[in-house]
file target-v9.cif (mmCIF, C-alpha atoms and all ligand atoms)
data_query
#
loop_
_atom_site.label_atom_id
_atom_site.label_comp_id
_atom_site.auth_asym_id
_atom_site.auth_seq_id
_atom_site.Cartn_x
_atom_site.Cartn_y
_atom_site.Cartn_z
CA MET L 1 0.00 0.00 0.00
CA LYS L 2 2.76 2.37 0.93
CA ARG L 3 4.53 1.67 -2.32
CA TYR L 4 1.39 2.53 -4.23
CA PHE L 5 1.23 5.98 -2.70
CA VAL L 6 4.88 6.65 -3.34
CA MET L 7 4.45 5.80 -7.00
CA THR L 8 1.32 7.89 -7.27
CA GLY L 9 3.13 10.83 -5.80
CA ALA L 10 5.97 10.52 -8.25
CA ALA L 11 3.53 10.26 -11.14
CA LEU L 12 1.71 13.36 -9.95
CA LEU L 13 4.92 15.32 -9.79
CA LEU L 14 5.85 14.24 -13.31
CA CYS L 15 2.48 15.01 -14.84
CA GLY L 16 1.88 18.17 -12.88
CA ALA L 17 3.70 20.54 -15.13
CA MET L 18 1.90 19.36 -18.24
CA SER L 19 -1.71 18.98 -17.22
CA GLY L 20 -4.22 21.70 -17.82
CA VAL L 21 -6.04 23.35 -14.99
CA VAL L 22 -9.60 22.15 -14.59
CA GLN L 23 -12.02 24.95 -13.94
CA ALA L 24 -15.05 24.53 -11.72
CA GLU L 25 -18.29 26.34 -12.50
CA PRO L 26 -18.98 29.46 -10.43
CA VAL L 27 -21.41 28.88 -7.57
CA ARG L 28 -23.95 31.54 -6.67
CA GLN L 29 -25.36 31.99 -3.20
CA GLN L 30 -27.49 35.07 -2.75
CA ALA L 31 -25.25 38.07 -3.44
CA LEU L 32 -22.10 35.96 -3.48
CA VAL L 33 -20.33 34.29 -6.36
CA ILE L 34 -17.72 31.68 -5.52
CA ASP L 35 -15.37 31.02 -8.38
CA GLY L 36 -11.99 29.60 -9.28
CA VAL L 37 -12.14 26.94 -6.58
CA TYR L 38 -9.48 24.26 -6.35
CA ALA L 39 -7.50 22.25 -3.87
CA ARG L 40 -3.90 21.23 -4.22
CA ALA L 41 -2.95 17.57 -4.43
CA THR L 42 -0.92 16.31 -1.50
CA VAL L 43 2.35 14.45 -1.60
CA PRO L 44 2.82 11.20 0.36
CA GLY L 45 3.06 11.82 4.07
CA GLN L 46 1.43 15.22 3.88
CA THR L 47 -1.39 15.53 6.43
CA VAL L 48 -2.68 18.95 5.47
CA GLY L 49 -4.01 20.32 2.23
CA ALA L 50 -4.75 23.76 0.93
CA ALA L 51 -7.77 25.08 -0.94
CA TYR L 52 -8.17 28.30 -2.87
CA LEU L 53 -11.09 30.25 -4.25
CA ILE L 54 -12.42 33.65 -5.15
CA ILE L 55 -15.44 35.15 -3.40
CA GLU L 56 -17.25 38.04 -5.00
CA ASN L 57 -19.89 40.03 -3.22
CA ASN L 58 -22.34 41.75 -5.56
CA GLY L 59 -24.52 42.95 -2.71
CA ASP L 60 -24.79 46.30 -0.97
CA VAL L 61 -23.83 44.89 2.41
CA SER L 62 -20.71 43.12 3.48
CA ASP L 63 -20.73 39.45 4.36
CA ARG L 64 -18.41 37.25 6.30
CA LEU L 65 -17.08 33.74 5.82
CA VAL L 66 -17.38 32.26 9.29
CA PHE L 67 -16.97 28.52 8.89
CA ALA L 68 -15.78 25.88 6.45
CA SER L 69 -15.79 22.10 6.56
CA SER L 70 -15.06 19.15 4.30
CA PRO L 71 -15.59 15.41 4.66
CA VAL L 72 -11.93 14.79 3.73
CA ALA L 73 -10.48 16.70 6.69
CA HIS L 74 -11.08 16.86 10.40
CA ARG L 75 -10.91 20.65 10.33
CA VAL L 76 -10.88 23.39 7.76
CA VAL L 77 -9.41 26.66 8.93
CA LEU L 78 -8.73 30.00 7.35
CA HIS L 79 -5.11 31.06 7.16
CA SER L 80 -3.34 34.11 5.95
CA SER L 81 0.31 33.88 5.08
CA GLN L 82 3.04 36.38 4.68
CA MET L 83 6.68 36.20 3.83
CA GLU L 84 8.92 37.20 6.68
CA GLN L 85 12.65 37.07 6.13
CA GLY L 86 12.21 34.53 3.38
CA MET L 87 9.97 32.28 5.45
CA ALA L 88 6.25 31.78 5.00
CA HIS L 89 4.53 32.72 8.19
CA MET L 90 0.91 31.65 8.66
CA GLN L 91 -1.72 33.08 10.83
CA HIS L 92 -5.09 31.69 11.77
CA GLU L 93 -7.99 33.97 10.88
CA LYS L 94 -11.30 33.62 12.66
CA SER L 95 -13.41 34.91 9.82
CA LEU L 96 -13.08 36.72 6.56
CA GLU L 97 -14.96 39.82 5.52
CA ILE L 98 -16.17 40.10 1.96
CA PRO L 99 -16.91 43.79 1.50
CA ALA L 100 -19.98 45.01 -0.39
CA HIS L 101 -19.17 44.99 -4.11
CA GLY L 102 -15.82 43.55 -3.18
CA ARG L 103 -13.78 40.54 -4.10
CA ILE L 104 -11.57 38.35 -1.95
CA VAL L 105 -8.98 36.12 -3.56
CA LEU L 106 -7.57 33.11 -1.77
CA LYS L 107 -4.38 32.07 -3.50
CA PRO L 108 -1.04 30.37 -2.88
CA GLY L 109 1.16 32.58 -0.75
CA GLY L 110 -1.82 34.51 0.61
CA LEU L 111 -5.16 33.70 2.17
CA HIS L 112 -6.09 30.05 1.96
CA LEU L 113 -8.28 27.40 3.49
CA MET L 114 -6.22 24.80 5.25
CA LEU L 115 -7.57 21.28 5.38
CA GLU L 116 -6.10 19.97 8.59
CA ASP L 117 -5.68 16.37 9.64
CA LEU L 118 -6.64 14.88 6.28
CA LYS L 119 -8.58 11.61 6.29
CA GLN L 120 -7.28 10.71 2.84
CA PRO L 121 -4.67 11.97 0.40
CA LEU L 122 -5.86 14.55 -2.11
CA GLN L 123 -5.20 13.20 -5.55
CA GLU L 124 -5.17 15.01 -8.84
CA GLY L 125 -8.38 14.54 -10.80
CA GLN L 126 -10.49 14.01 -7.70
CA SER L 127 -13.10 16.46 -6.62
CA LEU L 128 -13.71 17.20 -2.99
CA SER L 129 -16.68 18.90 -1.46
CA MET L 130 -16.49 21.76 0.95
CA LYS L 131 -19.17 23.61 2.85
CA LEU L 132 -18.76 27.31 3.36
CA LYS L 133 -20.85 29.19 5.86
CA PHE L 134 -21.46 32.90 5.51
CA GLU L 135 -22.93 35.17 8.12
CA ARG L 136 -25.56 36.64 5.79
CA SER L 137 -25.77 34.35 2.80
CA GLY L 138 -25.92 31.08 4.71
CA GLU L 139 -24.34 27.79 3.80
CA VAL L 140 -23.19 26.72 0.37
CA GLU L 141 -21.47 23.59 -0.86
CA VAL L 142 -18.75 23.79 -3.48
CA ALA L 143 -16.89 21.06 -5.36
CA LEU L 144 -13.17 21.64 -5.60
CA PRO L 145 -11.18 19.94 -8.33
CA VAL L 146 -7.84 18.69 -7.06
CA GLN L 147 -5.03 20.22 -9.07
CA PRO L 148 -1.49 18.93 -9.42
CA VAL L 149 0.94 19.81 -6.67
CA MET L 150 2.60 22.56 -8.62
CA ALA L 151 -0.46 23.90 -10.42
CA GLU L 152 -0.34 27.46 -11.66
CA GLU L 153 1.73 29.05 -9.02
CA PRO L 154 4.91 30.92 -8.66
CA MET L 155 7.21 28.16 -7.45
CA GLY L 156 8.78 28.76 -4.12
CA LYS L 157 6.51 30.53 -1.72
CA ALA L 158 3.58 28.16 -1.89
CA MET L 159 5.61 24.98 -1.94
CA HIS L 160 7.68 26.20 0.91
CA HIS L 161 4.52 26.98 2.81
CA ASP L 162 3.19 23.46 2.34
CA MET L 163 6.42 21.87 3.40
CA MET L 164 6.30 23.73 6.68
CA HIS L 165 3.37 21.74 7.94
CU CU D 1 -1.99 27.33 6.08
#
call {"tool": "encode", "arguments": {"input": "target-v9.cif", "output": "structure tokens", "more": "lines below"}}
Ligand SMILES: [Cu+2]
result
Amino acid sequence: MKRYFVMTGAALLLCGAMSGVVQAEPVRQQALVIDGVYARATVPGQTVGAAYLIIENNGDVSDRLVFASSPVAHRVVLHSSQMEQGMAHMQHEKSLEIPAHGRIVLKPGGLHLMLEDLKQPLQEGQSLSMKLKFERSGEVEVALPVQPVMAEEPMGKAMHHDMMH
């Protein structure tokens, strides 16, 4: 079994650079549009994953992301990360404001949703579901395609960040 995962990981790394990025359909929930969602595939031994998305608020009042959960992880938490002296430094955020007519982008090296204590590895090509709970707009479920480990990102920061866990 262990060998299987090792080989899968190696295959993912090899294919990663060449595969196209699968786009998920935007999800609408009241005044919010959730777009560009994806999670990053994990490498063998990795117990946390990261998910990214864009939240747009077309309403006249601000909203707030207050909770997230996924069946593949014991906890999903919101993190912000910053580079400090060449090291990625992460901070836990309790909630995230989405200003009226504003747009929040979760991306590698910045805000992200951290899937902690994974129950299974995240493999490229899979889709995982995540529930997002907003203060005003309520709960919405999104399907995140799992992208290769090095999908669409400036190498360095993000990888470094993942390796820190
Ligand atoms: Cu994090």
call {"tool": "atom_distance", "arguments": {"input": "target-v9.cif", "atom1": "CA of Val142 (chain L)", "atom2": "CA of Pro99 (chain L)"}}
result
20.7 Å
call {"tool": "residues_around", "arguments": {"input": "target-v9.cif", "residues": "region 127-138 of chain L", "least_positions_apart": "5", "cutoff": "10 Å", "atoms": "only C-alpha atoms", "output": "ChimeraX atom specification"}}
result
/L:24,29-32,34,38-39,51,61-73,76,95-98,115,122,143-147
call {"tool": "closest_atom_pairs", "arguments": {"input": "target-v9.cif", "of": "chain L", "to": "ligand CU 1 (chain D)", "cutoff": "10 Å", "atoms": "only C-alpha atoms and all ligand atoms", "output": "tab-separated table"}}
result
residue	atom	partner	partner_atom	distance
L:Val48	CA	D:CU1	CU	8.4
L:Gly49	CA	D:CU1	CU	8.2
L:Ala50	CA	D:CU1	CU	6.8
L:Ala51	CA	D:CU1	CU	9.4
L:Val76	CA	D:CU1	CU	9.9
L:Val77	CA	D:CU1	CU	8.0
L:Leu78	CA	D:CU1	CU	7.4
L:His79	CA	D:CU1	CU	5.0
L:Ser80	CA	D:CU1	CU	6.9
L:Ser81	CA	D:CU1	CU	7.0
L:Ala88	CA	D:CU1	CU	9.4
L:His89	CA	D:CU1	CU	8.7
L:Met90	CA	D:CU1	CU	5.8
L:Gln91	CA	D:CU1	CU	7.5
L:His92	CA	D:CU1	CU	7.8
L:Pro108	CA	D:CU1	CU	9.5
L:Gly109	CA	D:CU1	CU	9.2
L:Gly110	CA	D:CU1	CU	9.0
L:Leu111	CA	D:CU1	CU	8.1
L:His112	CA	D:CU1	CU	6.4
L:Leu113	CA	D:CU1	CU	6.8
L:Met114	CA	D:CU1	CU	5.0
L:Leu115	CA	D:CU1	CU	8.3
L:Glu116	CA	D:CU1	CU	8.8
L:Ala158	CA	D:CU1	CU	9.8
L:His161	CA	D:CU1	CU	7.3
L:Asp162	CA	D:CU1	CU	7.5
L:Met164	CA	D:CU1	CU	9.1
L:His165	CA	D:CU1	CU	8.0
call {"tool": "atom_distance", "arguments": {"input": "target-v9.cif", "atom1": "CA of Glu56 (chain L)", "atom2": "CA of Thr42 (chain L)"}}
result
27.4 Å
call {"tool": "atom_distance", "arguments": {"input": "target-v9.cif", "atom1": "CA of Ile55 (chain L)", "atom2": "CA of Gln120 (chain L)"}}
result
26.5 Å
call {"tool": "closest_residue", "arguments": {"input": "target-v9.cif", "among": "L:Lys107, L:Val140, L:Gln126, L:Val37", "to": "Gln82 (chain L)", "atoms": "all atoms listed in the file"}}
result
L:Lys107
call {"tool": "closest_residue", "arguments": {"input": "target-v9.cif", "among": "L:Gly102, L:Pro44, L:Gly59, L:Gly36", "to": "Gln123 (chain L)", "atoms": "all atoms listed in the file"}}
result
L:Pro44
call {"tool": "closest_residue", "arguments": {"input": "target-v9.cif", "among": "L:Asn57, L:Gln46, L:Gln85, L:Gln23", "to": "Gly125 (chain L)", "atoms": "all atoms listed in the file"}}
result
L:Gln23
call {"tool": "closest_residue", "arguments": {"input": "target-v9.cif", "among": "L:Pro121, L:Val33, L:Tyr52, L:Glu84", "to": "Val105 (chain L)", "atoms": "all atoms listed in the file"}}
result
L:Tyr52
